[in-house]
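Comments concern the structure below.
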Amino acid sequence: MADQARTTDQTRTPDQTPGATLEFVHLAEHRVYLLRIARLELRDEHLAEDCVSDALTQAYEKRASFRGASSLKTWLTSILKNRIVDLLRKQWREQPLEPEPSGEQDFDKLFDETGHYIQMPSAVSDPADLCQQDGFLAAVQQCVDKLPKRIGQVFVLREVFGSDTGELCKDLGITTSNVWVQLYRARMMLRTCLEKGGFGRA
Amino acid sequence: MLKRKIARHPVFRISCQHASRLLSQREEAPLPFAPRLRLWVHLCVCDACTNVSRQFQTLRLAMQRWRERD
């Protein structure tokens, strides 16, 4: 036992990484979670199922490369993200950009001629408390589902899968300013959507 | 009030529309000095954008909680 404790990562054979002892059931415990985030990203039950199954199979095949530096859930999420990004890249290439409602013009209605808000945005007194409420989280999810598809996909990659600007540019083949415009639109649409319910106050 | 005077000065004056874009951009990367200063001055005098700023922060937290929820 003492010898084992002294073994470092460098001297371990692949069989001895924390991942080597993983069984498929350990991975499959996270299936429900992975499906939930894949569904929000892809908006397609079957595609989400496929991506999650692929990700779990792939994770099992390369389980020895799981070194336990991050949690298993985080590791699986990054594998799923790679599957999803591959799929999105293919979809985006095949489908020409849908004529999206021009975000800027829509938001123009929110502002007066001097560029100031016509209607006072609702104050959020306690974001932490609000985000504990299942009802508010459900409302947010509904609003995310209503975003134009690509704007929603960029937003979910950012906020759920944790991609930063650099990753989004590289993964989706779009420019930094494009990423920021999509995220700005997503946030403005989400806040407008949530304002219908008083941004959680109603 | 001095703050309002500064906020109305052409060097600092930005619209809420512009401020909202900066608020979103700020979630992605640190703002360069000049826009950061203009936004700060704007937020000192503008309740609307202060609320939007909180809303954007709330959105980020909400997505985090949504993800962690079992």
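Residue numbering restarts at 1 for every chain of the structure tokens, chains are lettered A, B, ... in their displayed order, and ligands are numbered from 1 as they appear.
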Cut-off 6 Å: closest chain B/chain A atom pairs per residue, using only C-alpha atoms, as CSV:
```
residue,atom,partner,partner_atom,distance
B:Ser15,CA,A:Gly115,CA,4.9
B:Cys16,CA,A:His116,CA,4.9
B:Gln17,CA,A:Gly115,CA,5.5
B:Ser24,CA,A:Tyr184,CA,5.5
B:Ala48,CA,A:Met120,CA,5.6
B:Asn51,CA,A:Ala123,CA,5.0
B:Thr58,CA,A:Pro127,CA,5.2
B:Ala62,CA,A:Cys131,CA,5.2
```
Write a file of the just-selected residues containing N, CA and C atoms, as a PDB file, in the first residue's frame.
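Produced file again_31.pdb, reproduced below:
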```pdb
ATOM      1  N   SER B  15     -25.174  56.513 -24.599  1.00  0.00           N
ATOM      2  CA  SER B  15     -26.598  56.181 -24.484  1.00  0.00           C
ATOM      3  C   SER B  15     -26.749  54.886 -23.703  1.00  0.00           C
ATOM      4  N   CYS B  16     -27.978  54.630 -23.249  1.00  0.00           N
ATOM      5  CA  CYS B  16     -28.246  53.360 -22.558  1.00  0.00           C
ATOM      6  C   CYS B  16     -28.030  52.189 -23.512  1.00  0.00           C
ATOM      7  N   GLN B  17     -28.344  52.424 -24.771  1.00  0.00           N
ATOM      8  CA  GLN B  17     -28.181  51.367 -25.770  1.00  0.00           C
ATOM      9  C   GLN B  17     -26.701  50.952 -25.842  1.00  0.00           C
ATOM     10  N   SER B  24     -22.869  43.791 -21.684  1.00  0.00           N
ATOM     11  CA  SER B  24     -22.790  42.410 -22.165  1.00  0.00           C
ATOM     12  C   SER B  24     -21.343  42.038 -22.475  1.00  0.00           C
ATOM     13  N   ALA B  48     -31.626  52.813 -14.835  1.00  0.00           N
ATOM     14  CA  ALA B  48     -32.066  51.805 -15.809  1.00  0.00           C
ATOM     15  C   ALA B  48     -30.934  50.837 -16.132  1.00  0.00           C
ATOM     16  N   ASN B  51     -29.949  48.575 -13.342  1.00  0.00           N
ATOM     17  CA  ASN B  51     -30.836  47.408 -13.268  1.00  0.00           C
ATOM     18  C   ASN B  51     -30.491  46.368 -14.331  1.00  0.00           C
ATOM     19  N   THR B  58     -27.684  38.328 -13.118  1.00  0.00           N
ATOM     20  CA  THR B  58     -28.658  37.329 -12.685  1.00  0.00           C
ATOM     21  C   THR B  58     -28.790  36.211 -13.719  1.00  0.00           C
ATOM     22  N   ALA B  62     -28.278  32.417 -12.997  1.00  0.00           N
ATOM     23  CA  ALA B  62     -29.421  31.523 -13.233  1.00  0.00           C
ATOM     24  C   ALA B  62     -29.002  30.324 -14.084  1.00  0.00           C
TER      25      ALA B  62
END
```
Could you give me, as a ChimeraX atom specification, each residue of chain B that DSSP assigns to helix (DSSP H, G or I) when run on this structure's backbone? /B:2-8,16-26,33-45,47-68
Resulting file, chosen residues, C-alpha atoms, as a PDB file, in the first residue's frame:
```pdb
ATOM      1  CA  LEU B   2     -21.312  66.982 -10.295  1.00  0.00           C
ATOM      2  CA  LYS B   3     -21.791  63.334 -11.312  1.00  0.00           C
ATOM      3  CA  ARG B   4     -24.633  64.268 -13.650  1.00  0.00           C
ATOM      4  CA  LYS B   5     -22.598  67.081 -15.110  1.00  0.00           C
ATOM      5  CA  ILE B   6     -19.722  64.688 -15.828  1.00  0.00           C
ATOM      6  CA  ALA B   7     -22.061  62.074 -17.270  1.00  0.00           C
ATOM      7  CA  ARG B   8     -23.492  64.671 -19.672  1.00  0.00           C
ATOM      8  CA  CYS B  16     -28.246  53.360 -22.558  1.00  0.00           C
ATOM      9  CA  GLN B  17     -28.181  51.367 -25.770  1.00  0.00           C
ATOM     10  CA  HIS B  18     -24.409  51.708 -25.950  1.00  0.00           C
ATOM     11  CA  ALA B  19     -24.057  51.075 -22.218  1.00  0.00           C
ATOM     12  CA  SER B  20     -26.071  47.847 -22.535  1.00  0.00           C
ATOM     13  CA  ARG B  21     -23.731  46.573 -25.228  1.00  0.00           C
ATOM     14  CA  LEU B  22     -20.772  47.319 -22.973  1.00  0.00           C
ATOM     15  CA  LEU B  23     -22.508  45.553 -20.074  1.00  0.00           C
ATOM     16  CA  SER B  24     -22.790  42.410 -22.165  1.00  0.00           C
ATOM     17  CA  GLN B  25     -19.239  42.719 -23.487  1.00  0.00           C
ATOM     18  CA  ARG B  26     -18.011  43.132 -19.925  1.00  0.00           C
ATOM     19  CA  PHE B  33      -9.921  51.718 -20.146  1.00  0.00           C
ATOM     20  CA  ALA B  34     -11.966  54.382 -21.969  1.00  0.00           C
ATOM     21  CA  PRO B  35     -15.179  52.370 -22.393  1.00  0.00           C
ATOM     22  CA  ARG B  36     -14.834  51.098 -18.835  1.00  0.00           C
ATOM     23  CA  LEU B  37     -14.628  54.652 -17.517  1.00  0.00           C
ATOM     24  CA  ARG B  38     -17.586  55.825 -19.626  1.00  0.00           C
ATOM     25  CA  LEU B  39     -19.673  52.889 -18.476  1.00  0.00           C
ATOM     26  CA  TRP B  40     -18.755  53.523 -14.857  1.00  0.00           C
ATOM     27  CA  VAL B  41     -19.755  57.178 -15.126  1.00  0.00           C
ATOM     28  CA  HIS B  42     -22.991  56.208 -16.892  1.00  0.00           C
ATOM     29  CA  LEU B  43     -23.889  53.656 -14.217  1.00  0.00           C
ATOM     30  CA  CYS B  44     -23.353  56.293 -11.513  1.00  0.00           C
ATOM     31  CA  VAL B  45     -26.274  58.309 -12.857  1.00  0.00           C
ATOM     32  CA  ASP B  47     -30.817  53.526 -12.674  1.00  0.00           C
ATOM     33  CA  ALA B  48     -32.066  51.805 -15.809  1.00  0.00           C
ATOM     34  CA  CYS B  49     -28.645  50.518 -16.824  1.00  0.00           C
ATOM     35  CA  THR B  50     -27.787  49.676 -13.219  1.00  0.00           C
ATOM     36  CA  ASN B  51     -30.836  47.408 -13.268  1.00  0.00           C
ATOM     37  CA  VAL B  52     -29.820  45.908 -16.621  1.00  0.00           C
ATOM     38  CA  SER B  53     -26.371  45.236 -15.215  1.00  0.00           C
ATOM     39  CA  ARG B  54     -27.962  43.283 -12.330  1.00  0.00           C
ATOM     40  CA  GLN B  55     -30.219  41.466 -14.762  1.00  0.00           C
ATOM     41  CA  PHE B  56     -27.246  40.315 -16.853  1.00  0.00           C
ATOM     42  CA  GLN B  57     -25.473  39.104 -13.721  1.00  0.00           C
ATOM     43  CA  THR B  58     -28.658  37.329 -12.685  1.00  0.00           C
ATOM     44  CA  LEU B  59     -28.852  35.587 -16.063  1.00  0.00           C
ATOM     45  CA  ARG B  60     -25.339  34.238 -15.645  1.00  0.00           C
ATOM     46  CA  LEU B  61     -26.088  32.993 -12.134  1.00  0.00           C
ATOM     47  CA  ALA B  62     -29.421  31.523 -13.233  1.00  0.00           C
ATOM     48  CA  MET B  63     -27.750  29.462 -15.974  1.00  0.00           C
ATOM     49  CA  GLN B  64     -25.173  28.254 -13.474  1.00  0.00           C
ATOM     50  CA  ARG B  65     -27.904  27.207 -11.032  1.00  0.00           C
ATOM     51  CA  TRP B  66     -29.929  25.640 -13.822  1.00  0.00           C
ATOM     52  CA  ARG B  67     -26.928  23.542 -14.779  1.00  0.00           C
ATOM     53  CA  GLU B  68     -26.178  22.444 -11.204  1.00  0.00           C
TER      54      GLU B  68
END
```
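Atom pair atom CA of A:Ala20 / atom CA of A:Phe66 has a distance of 7.7 Å (rounded to one decimal).
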Rounded to one decimal place, report the atom CA of A:Gln58-atom CA of A:His30 distance in Å. 14.2 Å
